[in-house]
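Undergrad: Structure: data_20.txt, compact mmCIF, C-alpha atoms (C1' of nucleotides).
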```
# COMPACT_ATOMS: atom_id res chain seq x y z
CA MET A 1 23.57 -17.59 -98.30
CA ALA A 2 24.64 -18.95 -101.59
CA LYS A 3 27.92 -17.83 -102.96
CA ILE A 4 30.03 -17.99 -105.95
CA GLN A 5 29.53 -20.55 -108.66
CA GLY A 6 30.54 -21.16 -112.19
CA LYS A 7 34.10 -20.54 -113.26
CA LYS A 8 36.12 -17.65 -111.91
CA ASN A 9 34.72 -15.29 -109.32
CA SER A 10 31.33 -14.89 -110.84
CA THR A 11 27.89 -15.20 -109.32
CA LYS A 12 25.48 -17.46 -111.13
CA LYS A 13 23.53 -14.33 -111.91
CA GLU A 14 26.58 -12.98 -113.66
CA VAL A 15 26.95 -16.21 -115.59
CA ILE A 16 23.35 -15.94 -116.69
CA ILE A 17 23.81 -12.39 -117.87
CA GLU A 18 26.97 -13.29 -119.70
CA LYS A 19 25.35 -16.17 -121.53
CA ALA A 20 22.25 -14.11 -122.19
CA SER A 21 24.35 -11.37 -123.75
CA LYS A 22 25.75 -13.75 -126.27
CA LEU A 23 22.35 -15.22 -127.00
CA PHE A 24 20.57 -11.90 -127.30
CA ARG A 25 23.19 -10.71 -129.72
CA GLU A 26 23.07 -13.81 -131.86
CA LYS A 27 19.31 -14.24 -132.03
CA GLY A 28 17.88 -10.95 -130.86
CA PHE A 29 16.05 -10.43 -127.59
CA GLY A 30 12.69 -11.51 -128.95
CA ALA A 31 13.91 -14.68 -130.58
CA ALA A 32 16.09 -15.85 -127.71
CA SER A 33 14.11 -18.03 -125.34
CA MET A 34 14.57 -18.68 -121.66
CA ARG A 35 14.84 -22.39 -122.34
CA ASP A 36 17.58 -21.63 -124.81
CA LEU A 37 19.36 -19.57 -122.23
CA ALA A 38 18.86 -22.18 -119.54
CA GLU A 39 20.50 -24.82 -121.68
CA HIS A 40 23.57 -22.66 -122.15
CA VAL A 41 23.76 -22.04 -118.43
CA GLY A 42 23.36 -25.76 -117.79
CA VAL A 43 20.12 -25.64 -115.86
CA GLU A 44 16.36 -25.92 -116.32
CA ALA A 45 14.48 -22.84 -117.45
CA ALA A 46 12.52 -22.49 -114.23
CA SER A 47 15.72 -22.49 -112.18
CA LEU A 48 16.83 -19.25 -113.77
CA TYR A 49 14.17 -17.49 -111.75
CA ASN A 50 16.02 -18.24 -108.54
CA HIS A 51 18.57 -15.68 -109.72
CA ILE A 52 16.71 -13.24 -111.89
CA GLN A 53 13.24 -11.80 -111.81
CA SER A 54 12.38 -11.77 -115.50
CA LYS A 55 13.77 -11.90 -118.98
CA ALA A 56 13.40 -8.16 -119.23
CA GLU A 57 15.47 -7.65 -116.11
CA ILE A 58 18.44 -9.19 -117.87
CA LEU A 59 18.07 -6.71 -120.67
CA GLN A 60 17.78 -3.83 -118.22
CA THR A 61 20.90 -4.90 -116.39
CA ILE A 62 22.92 -5.04 -119.57
CA CYS A 63 21.64 -1.79 -121.05
CA PHE A 64 22.12 0.31 -117.94
CA LYS A 65 25.48 -1.19 -117.11
CA VAL A 66 26.70 -0.01 -120.50
CA ALA A 67 24.99 3.35 -120.26
CA ASN A 68 26.49 4.03 -116.85
CA GLU A 69 29.94 3.08 -117.99
CA PHE A 70 29.82 5.55 -120.86
CA MET A 71 28.32 8.25 -118.68
CA THR A 72 30.98 7.89 -116.03
CA ASN A 73 33.70 8.15 -118.58
CA LEU A 74 32.12 11.18 -120.20
CA GLU A 75 32.04 12.99 -116.89
CA GLN A 76 35.72 12.34 -116.38
CA VAL A 77 36.56 13.62 -119.82
CA GLU A 78 34.41 16.73 -119.37
CA ALA A 79 36.14 17.52 -116.10
CA SER A 80 39.61 17.12 -117.58
CA ASN A 81 41.77 19.95 -118.89
CA GLN A 82 42.37 18.87 -122.44
CA SER A 83 41.73 20.48 -125.76
CA THR A 84 38.36 19.64 -127.23
CA LEU A 85 40.07 17.56 -129.88
CA LYS A 86 41.81 15.49 -127.23
CA LYS A 87 38.54 15.09 -125.42
CA MET A 88 36.85 13.73 -128.49
CA GLU A 89 39.79 11.49 -129.17
CA ALA A 90 39.60 10.07 -125.66
CA ILE A 91 35.93 9.35 -126.11
CA VAL A 92 36.37 7.73 -129.48
CA ARG A 93 39.16 5.56 -128.15
CA LEU A 94 37.06 4.43 -125.23
CA HIS A 95 34.18 3.56 -127.51
CA ILE A 96 36.40 1.54 -129.79
CA ARG A 97 38.03 -0.32 -126.95
CA MET A 98 34.78 -1.11 -125.23
CA MET A 99 33.39 -2.26 -128.53
CA LEU A 100 36.31 -4.58 -129.04
CA ASP A 101 36.48 -6.24 -125.68
CA GLN A 102 32.90 -6.31 -124.53
CA TYR A 103 30.93 -5.87 -127.68
CA GLU A 104 28.28 -8.37 -126.68
CA HIS A 105 26.98 -5.97 -124.06
CA ILE A 106 27.38 -2.90 -126.17
CA TYR A 107 25.75 -4.45 -129.16
CA ILE A 108 22.71 -5.20 -127.05
CA ALA A 109 22.54 -1.74 -125.55
CA ASP A 110 22.80 -0.43 -129.09
CA HIS A 111 20.32 -2.69 -130.84
CA GLU A 112 17.99 -4.35 -128.38
CA TRP A 113 17.02 -1.44 -126.17
CA ARG A 114 13.70 -1.26 -127.99
CA HIS A 115 12.52 -4.22 -125.98
CA LEU A 116 13.04 -2.51 -122.63
CA PRO A 117 9.75 -2.19 -120.77
CA GLU A 118 8.63 1.16 -119.49
CA PRO A 119 9.66 3.09 -117.55
CA TYR A 120 13.16 1.80 -118.27
CA LEU A 121 12.80 2.51 -121.94
CA SER A 122 12.18 6.21 -121.42
CA ASN A 123 14.90 6.37 -118.84
CA PHE A 124 17.38 4.78 -121.20
CA LEU A 125 16.47 7.05 -124.09
CA ASN A 126 16.83 10.09 -121.88
CA GLN A 127 20.32 9.06 -120.88
CA ARG A 128 21.16 8.43 -124.49
CA ARG A 129 19.88 11.80 -125.60
CA SER A 130 21.74 13.52 -122.83
CA TYR A 131 24.98 11.73 -123.72
CA ARG A 132 24.77 12.80 -127.33
CA LYS A 133 23.90 16.33 -126.40
CA ARG A 134 26.96 16.61 -124.21
CA LEU A 135 29.19 15.24 -126.95
CA ALA A 136 27.75 17.78 -129.34
CA ASP A 137 28.49 20.49 -126.80
CA ILE A 138 32.13 19.50 -126.74
CA ILE A 139 32.33 19.74 -130.52
CA GLU A 140 30.45 23.02 -130.55
CA ASP A 141 32.97 24.31 -128.07
CA GLY A 142 35.78 23.08 -130.28
CA ILE A 143 34.39 24.94 -133.25
CA ALA A 144 33.93 28.13 -131.24
CA ARG A 145 37.55 27.95 -130.13
CA GLY A 146 38.68 27.49 -133.70
CA GLU A 147 40.09 24.03 -133.07
CA MET A 148 37.68 22.28 -135.36
CA LYS A 149 36.28 22.83 -138.79
CA HIS A 150 32.84 24.30 -139.14
CA ILE A 151 30.49 21.35 -139.15
CA ASP A 152 27.09 20.63 -137.63
CA PRO A 153 27.98 19.24 -134.19
CA TYR A 154 25.02 16.88 -134.13
CA VAL A 155 25.94 15.41 -137.47
CA ALA A 156 29.50 14.94 -136.30
CA VAL A 157 28.36 13.15 -133.16
CA LEU A 158 26.01 10.97 -135.13
CA THR A 159 28.76 10.10 -137.54
CA ILE A 160 31.25 9.26 -134.84
CA LEU A 161 28.92 7.19 -132.69
CA SER A 162 27.48 5.30 -135.61
CA ALA A 163 30.87 4.60 -137.07
CA VAL A 164 32.16 3.22 -133.82
CA SER A 165 29.10 1.16 -133.02
CA GLY A 166 29.40 -0.59 -136.36
CA ILE A 167 32.68 -2.23 -135.52
CA ASP A 168 31.08 -5.48 -134.46
CA SER A 169 29.69 -6.27 -137.87
CA TRP A 170 33.24 -6.04 -139.08
CA GLN A 171 34.92 -8.05 -136.39
CA ARG A 172 34.25 -11.49 -137.67
CA SER A 173 35.23 -10.93 -141.25
CA ARG A 174 38.37 -9.00 -140.49
CA LYS A 175 40.12 -10.51 -137.50
CA SER A 176 43.27 -9.87 -139.48
CA THR A 177 43.01 -6.17 -138.74
CA SER A 178 44.46 -6.01 -135.28
CA ALA A 179 42.70 -4.08 -132.57
CA GLU A 180 45.50 -1.54 -132.40
CA SER A 181 45.52 -0.96 -136.11
CA LEU A 182 41.78 -0.57 -136.14
CA GLU A 183 41.84 1.97 -133.35
CA THR A 184 44.70 3.91 -134.88
CA ASN A 185 43.09 4.13 -138.27
CA MET A 186 39.65 4.92 -137.01
CA VAL A 187 40.86 7.69 -134.73
CA LYS A 188 42.92 9.06 -137.57
CA TYR A 189 39.92 9.19 -139.84
CA LEU A 190 37.37 10.46 -137.35
CA ILE A 191 39.50 12.95 -135.45
CA GLU A 192 41.55 14.28 -138.34
CA GLY A 193 38.27 14.82 -140.11
CA LEU A 194 37.26 17.21 -137.38
CA LYS A 195 40.40 19.34 -137.46
CA LYS A 196 40.32 22.65 -139.12
CA MET P 197 -6.11 -12.46 -162.39
CA ALA P 198 -6.26 -10.20 -159.39
CA LYS P 199 -5.13 -6.68 -159.82
CA ILE P 200 -4.26 -3.66 -157.89
CA GLN P 201 -5.60 -2.96 -154.48
CA GLY P 202 -4.91 -0.73 -151.53
CA LYS P 203 -4.10 2.90 -152.13
CA LYS P 204 -2.02 4.02 -155.05
CA ASN P 205 -0.76 1.53 -157.60
CA SER P 206 0.30 -1.10 -155.18
CA THR P 207 -0.41 -4.79 -155.08
CA LYS P 208 -1.68 -6.16 -151.82
CA LYS P 209 1.61 -8.00 -151.58
CA GLU P 210 3.36 -4.68 -151.72
CA VAL P 211 1.09 -3.31 -149.04
CA ILE P 212 1.93 -6.27 -146.84
CA ILE P 213 5.64 -5.76 -147.33
CA GLU P 214 5.33 -2.08 -146.64
CA LYS P 215 3.45 -2.63 -143.40
CA ALA P 216 5.77 -5.46 -142.44
CA SER P 217 8.78 -3.23 -142.92
CA LYS P 218 7.48 -0.76 -140.42
CA LEU P 219 6.55 -3.49 -137.98
CA PHE P 220 9.82 -5.37 -138.28
CA ARG P 221 11.72 -2.19 -137.65
CA GLU P 222 9.66 -1.20 -134.65
CA LYS P 223 9.53 -4.58 -132.93
CA GLY P 224 12.19 -6.66 -134.60
CA PHE P 225 11.53 -9.60 -136.88
CA GLY P 226 11.23 -12.09 -134.06
CA ALA P 227 8.84 -10.06 -131.97
CA ALA P 228 6.56 -8.99 -134.80
CA SER P 229 3.74 -11.48 -135.25
CA MET P 230 1.74 -12.32 -138.32
CA ARG P 231 -1.46 -11.46 -136.48
CA ASP P 232 0.05 -8.10 -135.67
CA LEU P 233 0.88 -7.59 -139.30
CA ALA P 234 -2.52 -8.77 -140.44
CA GLU P 235 -4.21 -6.20 -138.24
CA HIS P 236 -2.20 -3.40 -139.79
CA VAL P 237 -3.06 -4.64 -143.26
CA GLY P 238 -6.71 -4.88 -142.27
CA VAL P 239 -7.17 -8.57 -142.78
CA GLU P 240 -7.07 -11.86 -140.87
CA ALA P 241 -3.71 -13.51 -140.34
CA ALA P 242 -4.50 -16.52 -142.49
CA SER P 243 -5.42 -14.31 -145.42
CA LEU P 244 -1.89 -13.05 -145.66
CA TYR P 245 -0.90 -16.41 -147.04
CA ASN P 246 -2.89 -15.78 -150.18
CA HIS P 247 -0.20 -13.26 -151.07
CA ILE P 248 2.98 -14.44 -149.44
CA GLN P 249 4.45 -17.82 -148.74
CA SER P 250 5.90 -17.29 -145.31
CA LYS P 251 7.03 -14.70 -142.80
CA ALA P 252 10.59 -15.34 -143.82
CA GLU P 253 9.78 -14.61 -147.45
CA ILE P 254 8.87 -11.05 -146.50
CA LEU P 255 12.25 -10.61 -144.90
CA GLN P 256 13.99 -12.06 -147.93
CA THR P 257 12.14 -9.75 -150.27
CA ILE P 258 13.12 -6.71 -148.27
CA CYS P 259 16.74 -7.67 -147.74
CA PHE P 260 17.47 -8.58 -151.34
CA LYS P 261 15.59 -5.62 -152.76
CA VAL P 262 17.90 -3.37 -150.77
CA ALA P 263 21.01 -5.37 -151.58
CA ASN P 264 20.26 -5.30 -155.30
CA GLU P 265 19.64 -1.60 -155.29
CA PHE P 266 23.00 -0.89 -153.72
CA MET P 267 24.75 -3.35 -155.99
CA THR P 268 23.26 -1.85 -159.11
CA ASN P 269 24.33 1.59 -158.06
CA LEU P 270 27.83 0.45 -157.23
CA GLU P 271 28.25 -1.05 -160.68
CA GLN P 272 27.26 2.23 -162.28
CA VAL P 273 29.71 4.14 -160.14
CA GLU P 274 32.50 1.69 -160.85
CA ALA P 275 31.91 2.00 -164.56
CA SER P 276 31.92 5.79 -164.49
CA ASN P 277 34.89 8.00 -165.25
CA GLN P 278 35.22 9.98 -162.06
CA SER P 279 38.01 10.45 -159.61
CA THR P 280 37.98 7.96 -156.76
CA LEU P 281 36.96 10.74 -154.39
CA LYS P 282 33.95 11.56 -156.53
CA LYS P 283 33.07 7.90 -156.70
CA MET P 284 33.07 7.61 -152.95
CA GLU P 285 31.09 10.79 -152.64
CA ALA P 286 28.46 9.47 -155.02
CA ILE P 287 28.17 6.31 -152.99
CA VAL P 288 27.93 8.13 -149.69
CA ARG P 289 25.25 10.42 -151.07
CA LEU P 290 23.22 7.52 -152.34
CA HIS P 291 23.45 5.78 -148.99
CA ILE P 292 22.33 8.87 -147.15
CA ARG P 293 19.44 9.51 -149.48
CA MET P 294 18.22 5.94 -149.41
CA MET P 295 18.51 6.01 -145.67
CA LEU P 296 16.40 9.13 -145.48
CA ASP P 297 13.58 8.19 -147.77
CA GLN P 298 13.29 4.45 -147.35
CA TYR P 299 15.00 3.76 -144.10
CA GLU P 300 12.45 1.19 -143.02
CA HIS P 301 13.74 -1.21 -145.66
CA ILE P 302 17.35 -0.36 -145.15
CA TYR P 303 17.14 -0.62 -141.42
CA ILE P 304 15.80 -4.15 -141.78
CA ALA P 305 18.45 -5.18 -144.28
CA ASP P 306 20.99 -3.77 -141.85
CA HIS P 307 19.68 -5.19 -138.60
CA GLU P 308 17.36 -8.09 -139.19
CA TRP P 309 19.25 -10.08 -141.79
CA ARG P 310 20.30 -12.51 -139.05
CA HIS P 311 16.84 -14.04 -139.23
CA LEU P 312 17.13 -14.96 -142.88
CA PRO P 313 16.89 -18.72 -143.35
CA GLU P 314 19.56 -20.57 -145.27
CA PRO P 315 20.54 -20.50 -148.03
CA TYR P 316 19.46 -16.88 -148.23
CA LEU P 317 21.53 -15.92 -145.25
CA SER P 318 24.78 -17.06 -146.82
CA ASN P 319 23.80 -15.51 -150.09
CA PHE P 320 23.09 -12.19 -148.44
CA LEU P 321 26.32 -12.20 -146.48
CA ASN P 322 28.29 -12.96 -149.61
CA GLN P 323 26.77 -10.01 -151.41
CA ARG P 324 27.52 -7.83 -148.43
CA ARG P 325 31.11 -8.93 -148.24
CA SER P 326 31.54 -8.40 -151.94
CA TYR P 327 30.05 -4.92 -151.74
CA ARG P 328 32.42 -3.89 -149.00
CA LYS P 329 35.37 -5.37 -150.76
CA ARG P 330 34.63 -3.38 -153.88
CA LEU P 331 34.29 -0.18 -151.90
CA ALA P 332 37.61 -0.88 -150.26
CA ASP P 333 39.12 -1.39 -153.70
CA ILE P 334 38.00 2.05 -154.76
CA ILE P 335 39.64 3.59 -151.73
CA GLU P 336 42.78 1.56 -152.21
CA ASP P 337 42.89 2.83 -155.72
CA GLY P 338 42.45 6.37 -154.46
CA ILE P 339 45.37 6.00 -152.11
CA ALA P 340 47.56 4.51 -154.81
CA ARG P 341 46.78 7.48 -157.06
CA GLY P 342 47.66 9.89 -154.30
CA GLU P 343 44.14 11.30 -154.08
CA MET P 344 43.52 10.07 -150.58
CA LYS P 345 45.41 9.98 -147.34
CA HIS P 346 47.08 6.77 -146.29
CA ILE P 347 44.48 4.90 -144.29
CA ASP P 348 43.42 1.27 -144.02
CA PRO P 349 40.78 0.99 -146.78
CA TYR P 350 38.74 -1.53 -144.84
CA VAL P 351 38.59 0.68 -141.81
CA ALA P 352 37.53 3.58 -143.97
CA VAL P 353 34.75 1.54 -145.55
CA LEU P 354 33.61 0.30 -142.18
CA THR P 355 33.56 3.83 -140.85
CA ILE P 356 31.64 5.22 -143.76
CA LEU P 357 29.03 2.47 -143.95
CA SER P 358 28.47 2.40 -140.22
CA ALA P 359 28.19 6.14 -140.01
CA VAL P 360 25.62 6.28 -142.74
CA SER P 361 23.59 3.35 -141.50
CA GLY P 362 23.23 5.02 -138.12
CA ILE P 363 21.21 7.91 -139.45
CA ASP P 364 17.91 6.33 -138.55
CA SER P 365 18.54 6.41 -134.84
CA TRP P 366 19.02 10.09 -135.23
CA GLN P 367 16.03 10.85 -137.42
CA ARG P 368 13.38 11.03 -134.81
CA SER P 369 15.20 13.21 -132.34
CA ARG P 370 16.48 15.64 -134.90
CA LYS P 371 13.90 16.31 -137.52
CA SER P 372 15.08 19.87 -137.30
CA THR P 373 18.21 18.99 -139.19
CA SER P 374 17.00 19.06 -142.74
CA ALA P 375 17.84 16.27 -145.09
CA GLU P 376 19.96 18.53 -147.23
CA SER P 377 21.91 19.87 -144.32
CA LEU P 378 22.48 16.39 -143.02
CA GLU P 379 23.76 15.18 -146.35
CA THR P 380 25.99 18.19 -146.84
CA ASN P 381 27.57 17.93 -143.43
CA MET P 382 28.00 14.21 -143.50
CA VAL P 383 29.64 14.22 -146.91
CA LYS P 384 31.86 17.03 -145.80
CA TYR P 385 33.01 15.08 -142.78
CA LEU P 386 33.38 11.68 -144.40
CA ILE P 387 34.84 12.71 -147.72
CA GLU P 388 37.05 15.55 -146.55
CA GLY P 389 38.39 13.11 -144.01
CA LEU P 390 39.60 10.94 -146.83
CA LYS P 391 41.44 13.66 -148.74
CA LYS P 392 45.16 13.85 -148.55
C1' DA T 393 -23.95 -17.16 -168.95
C1' DA T 394 -20.54 -20.56 -167.41
C1' DA T 395 -16.19 -21.60 -165.60
C1' DA T 396 -12.28 -20.47 -163.22
C1' DT T 397 -9.62 -17.92 -160.34
C1' DT T 398 -8.80 -14.74 -156.38
C1' DG T 399 -8.84 -13.84 -151.90
C1' DA T 400 -11.35 -13.21 -147.74
C1' DC T 401 -13.08 -15.86 -143.82
C1' DT T 402 -13.28 -19.40 -139.48
C1' DA T 403 -11.19 -23.18 -137.11
C1' DA T 404 -7.74 -25.59 -135.87
C1' DC T 405 -3.01 -27.73 -135.65
C1' DA T 406 1.17 -28.52 -133.12
C1' DC T 407 4.37 -26.07 -130.78
C1' DT T 408 6.79 -22.45 -128.21
C1' DT T 409 6.61 -18.54 -125.14
C1' DG T 410 7.62 -16.48 -120.13
C1' DT T 411 6.54 -17.56 -115.79
C1' DT T 412 4.62 -19.68 -111.22
C1' DA T 413 3.79 -23.36 -107.69
C1' DG T 414 5.33 -26.78 -105.11
C1' DT T 415 8.82 -30.23 -103.67
C1' DG T 416 13.07 -31.87 -102.26
C1' DT T 417 18.09 -31.66 -101.73
C1' DT T 418 22.17 -29.38 -100.82
C1' DT T 419 24.74 -25.87 -98.52
C1' DT T 420 25.34 -22.31 -95.16
C1' DT T 421 24.40 -20.07 -90.65
C1' DT T 422 23.32 -20.49 -85.93
C1' DA X 423 23.12 -31.00 -84.52
C1' DA X 424 19.29 -27.89 -85.71
C1' DA X 425 17.44 -24.27 -88.38
C1' DA X 426 17.53 -21.63 -92.36
C1' DA X 427 18.43 -20.28 -96.60
C1' DA X 428 19.64 -21.26 -101.51
C1' DC X 429 18.65 -23.44 -105.48
C1' DA X 430 17.63 -27.15 -108.91
C1' DC X 431 13.99 -29.96 -110.17
C1' DT X 432 9.16 -31.45 -112.43
C1' DA X 433 4.72 -30.06 -113.85
C1' DA X 434 1.82 -27.00 -115.41
C1' DC X 435 -0.47 -22.53 -116.81
C1' DA X 436 -2.43 -19.36 -120.14
C1' DA X 437 -1.22 -17.05 -124.01
C1' DG X 438 0.84 -16.55 -128.35
C1' DT X 439 3.52 -18.56 -132.49
C1' DG X 440 3.51 -19.59 -137.83
C1' DT X 441 0.90 -22.03 -140.75
C1' DT X 442 -2.67 -25.27 -143.13
C1' DA X 443 -7.32 -26.90 -144.45
C1' DG X 444 -11.58 -26.06 -145.99
C1' DT X 445 -15.37 -22.99 -147.23
C1' DC X 446 -17.66 -19.43 -149.62
C1' DA X 447 -18.47 -14.91 -151.97
C1' DA X 448 -16.71 -11.74 -155.36
C1' DT X 449 -14.44 -10.91 -159.47
C1' DT X 450 -12.30 -12.02 -163.87
C1' DT X 451 -11.70 -14.89 -167.97
C1' DT X 452 -13.62 -17.79 -171.37
```
Is it possible to give me this structure as structure tokens?
TA:
Amino acid sequence: MAKIQGKKNSTKKEVIIEKASKLFREKGFGAASMRDLAEHVGVEAASLYNHIQSKAEILQTICFKVANEFMTNLEQVEASNQSTLKKMEAIVRLHIRMMLDQYEHIYIADHEWRHLPEPYLSNFLNQRRSYRKRLADIIEDGIARGEMKHIDPYVAVLTILSAVSGIDSWQRSRKSTSAESLETNMVKYLIEGLKK
Amino acid sequence: MAKIQGKKNSTKKEVIIEKASKLFREKGFGAASMRDLAEHVGVEAASLYNHIQSKAEILQTICFKVANEFMTNLEQVEASNQSTLKKMEAIVRLHIRMMLDQYEHIYIADHEWRHLPEPYLSNFLNQRRSYRKRLADIIEDGIARGEMKHIDPYVAVLTILSAVSGIDSWQRSRKSTSAESLETNMVKYLIEGLKK
DNA sequence: AAAATTGACTAACACTTGTTAGTGTTTTTT
DNA sequence: AAAAAACACTAACAAGTGTTAGTCAATTTT
């Protein structure tokens, strides 16, 4: 069997996905070509197919990896014994951190999921809907307990998720704002805004 | 000279841009083809070039139309004699409304600007940076006057713009939330969160 | 009515797309 | 050392890309 290649402990498949992430983000899934990708990997286009099955498979891998990561975390938070405000804070912090240190993947899951082929597309959207619903439930719970101000839970979730997923567009122009400062300020704004 | 065609008082060029907006949003600029567009317009692909100069020109038209609209509004707000909080509220409301009733265009200006050819790309990004800077200045002013809580103005701007620009992804799954309710709740969250 | 312009059409261009087949070399397993 | 698996290569495919050229009918301007 073939083993590990490329730098570090990464399979060639992992290298491909890593390079593809960058490319998909820069050019968009549709505009990024396999020959383009191959060049960045340092191989001919046809050789990619010794490691992957299709261009779409790369997208699937990225999107569901991200989705699963968020889902797993949500389950942990739901099972924990914190106040609803602390729960939301934990979620917001995770989103910000993931956005900062692996925003290539997250950007793609956020913006390029349209190009997923069925049935993956439906599957992905279901997971997404479910995730949002469960976040809204947490906020609804928080309102019922009197911890949060009276606000439409869905609107709050939309606001939070959108705000966080927009970090990337900021990144480049504001490297001066440190990651810590960004997280602190964003949490302050988004969580304080929920408090009663 | 040729006149008005299509329904309403719209030039065929306007019809093309309208159809293209929808297509670009659904499939992405790269994945939407001119033959695809032509079919939606009800014409052969080559005939499109009697009205436009290139595929990229359509994107330019859309992006700069949106950018100018926001810029114009910002100038009016800046020139007005309102408190900084009211200024921000006016801006947020405009963003939400534009998002709700012409989100095809705004979505494209938000997500497909990467495909603009130079020098339009640089031009667009400059306008964008300038817009954000001026919003941050308003908030900075608000903090200095003691109207707003102490928060990094850039982070606040990022949060607000990202939150608002994410409305579209919500639209389809939550038509039940009326436009008014959405606006009310979002303003409540985003503006109250700024207050001291 | 004549002239000019508009705007649709067909055909074609040069090129890029994702992907498969087949071959040969290197590396791993037996 | 022999057998097997992994993997990079070249060549090619069918289909799709944006766009141009050239033609002709309809409409508008003179």
Undergrad: Within 10 Å of Ile339 (chain P), counting only C-alpha atoms (C1' of nucleotides), which residues show up once you throw out same-chain ones fewer than 6 positions away? Write them as JSON, numbers by chain, please.
TA: {"P": [280, 281, 333, 345, 346, 347, 348, 349, 390, 391, 392]}
Undergrad: For a quick check of understanding, using all atoms listed in the file, which of A:Asp36, A:Glu26, A:Glu192, A:Glu69 has the smallest distance to chain T?
TA: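 Among the listed residues, the smallest separation from chain T belongs to A:Asp36.
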Undergrad: Against chain A, which residues of chain P fall within 10 Å? For each one I want the closest pair of atoms and the distance in Å (one decimal), counting all atoms listed in the file, rows by chain and increasing residue number, as a Markdown table.
TA:
```
| residue | atom | partner | partner_atom | distance |
| --- | --- | --- | --- | --- |
| P:Arg221 | CA | A:Arg114 | CA | 9.9 |
| P:Glu222 | CA | A:Arg114 | CA | 7.8 |
| P:Lys223 | CA | A:Arg114 | CA | 7.3 |
| P:Gly224 | CA | A:Gly30 | CA | 7.5 |
| P:Phe225 | CA | A:Gly30 | CA | 8.2 |
| P:Gly226 | CA | A:Ala31 | CA | 5.1 |
| P:Ala227 | CA | A:Gly30 | CA | 5.1 |
| P:Ala228 | CA | A:Gly30 | CA | 8.8 |
| P:Asp306 | CA | A:Ser169 | CA | 9.9 |
| P:His307 | CA | A:His111 | CA | 8.2 |
| P:Glu308 | CA | A:Gly28 | CA | 8.8 |
| P:Arg310 | CA | A:Lys27 | CA | 7.3 |
| P:His311 | CA | A:Lys27 | CA | 7.6 |
| P:Arg325 | CA | A:Ser173 | CA | 8.4 |
| P:Lys345 | CA | A:Tyr189 | CA | 9.3 |
| P:His346 | CA | A:Asn185 | CA | 9.3 |
| P:Ile347 | CA | A:Asn185 | CA | 6.2 |
| P:Asp348 | CA | A:Asn185 | CA | 6.4 |
| P:Pro349 | CA | A:Asn185 | CA | 9.4 |
| P:Tyr350 | CA | A:Arg174 | CA | 8.7 |
| P:Val351 | CA | A:Met186 | CA | 6.5 |
| P:Ala352 | CA | A:Tyr189 | CA | 7.4 |
| P:Val353 | CA | A:Ala163 | CA | 9.8 |
| P:Leu354 | CA | A:Trp170 | CA | 7.1 |
| P:Thr355 | CA | A:Ala163 | CA | 4.7 |
| P:Ile356 | CA | A:Ala163 | CA | 6.8 |
| P:Leu357 | CA | A:Ala163 | CA | 7.4 |
| P:Ser358 | CA | A:Ala163 | CA | 4.5 |
| P:Ala359 | CA | A:Ala163 | CA | 4.3 |
| P:Val360 | CA | A:Thr159 | CA | 7.2 |
| P:Ser361 | CA | A:Ser162 | CA | 7.3 |
| P:Gly362 | CA | A:Ser162 | CA | 4.9 |
| P:Ile363 | CA | A:Leu158 | CA | 7.1 |
| P:Asp364 | CA | A:Leu158 | CA | 9.9 |
| P:Ser365 | CA | A:Leu158 | CA | 8.8 |
| P:Trp366 | CA | A:Leu158 | CA | 7.0 |
| P:Ser369 | CA | A:Arg129 | CA | 8.3 |
| P:Arg370 | CA | A:Tyr154 | CA | 8.7 |
| P:Thr373 | CA | A:Val155 | CA | 8.7 |
| P:Ser377 | CA | A:Asp152 | CA | 8.5 |
| P:Leu378 | CA | A:Val155 | CA | 6.6 |
| P:Glu379 | CA | A:Val155 | CA | 9.1 |
| P:Thr380 | CA | A:Ile151 | CA | 9.5 |
| P:Asn381 | CA | A:Ile151 | CA | 6.2 |
| P:Met382 | CA | A:Val155 | CA | 6.5 |
| P:Lys384 | CA | A:Ile151 | CA | 8.0 |
| P:Tyr385 | CA | A:Gly193 | CA | 5.9 |
| P:Leu386 | CA | A:Gly193 | CA | 7.2 |
| P:Ile387 | CA | A:Gly193 | CA | 8.6 |
| P:Glu388 | CA | A:Gly193 | CA | 6.6 |
| P:Gly389 | CA | A:Gly193 | CA | 4.3 |
| P:Leu390 | CA | A:Tyr189 | CA | 7.2 |
| P:Lys391 | CA | A:Gly193 | CA | 9.3 |
```
Undergrad: Box for region 397-401 of chain T: with edges along x, y and z, all listed atoms inside and 6 Å added on each side, what are the centre and edge lengths in Å to one decimal, as JSON?
TA:
```
{"center_x": -10.9, "center_y": -15.6, "center_z": -152.1, "size_x": 16.3, "size_y": 16.7, "size_z": 28.5}
```
Undergrad: Write out, as CSV, each residue of chain T that has an atom at most 9 Å from region 430-446 of chain X, together with the closest pair of atoms and their distance in Å to one decimal, counting all atoms listed in the file, rows going by chain and rising number.
TA:
```
residue,atom,partner,partner_atom,distance
T:DC401,C1',X:DC446,C1',8.2
T:DT402,C1',X:DT445,C1',8.8
T:DA404,C1',X:DA443,C1',8.7
T:DC405,C1',X:DT442,C1',7.9
T:DC407,C1',X:DT439,C1',7.7
T:DT408,C1',X:DT439,C1',6.6
T:DT409,C1',X:DG438,C1',6.9
T:DT411,C1',X:DC435,C1',8.7
T:DT412,C1',X:DC435,C1',8.1
T:DA413,C1',X:DA434,C1',8.8
T:DT415,C1',X:DC431,C1',8.3
T:DG416,C1',X:DC431,C1',8.2
T:DT417,C1',X:DA430,C1',8.5
```
Undergrad: Could you work out how far CA of Leu23 (chain A) lies from CA of Phe124 (chain A), giving the answer in Å with one decimal?
TA: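 Here the two named atoms are 21.4 Å from each other.
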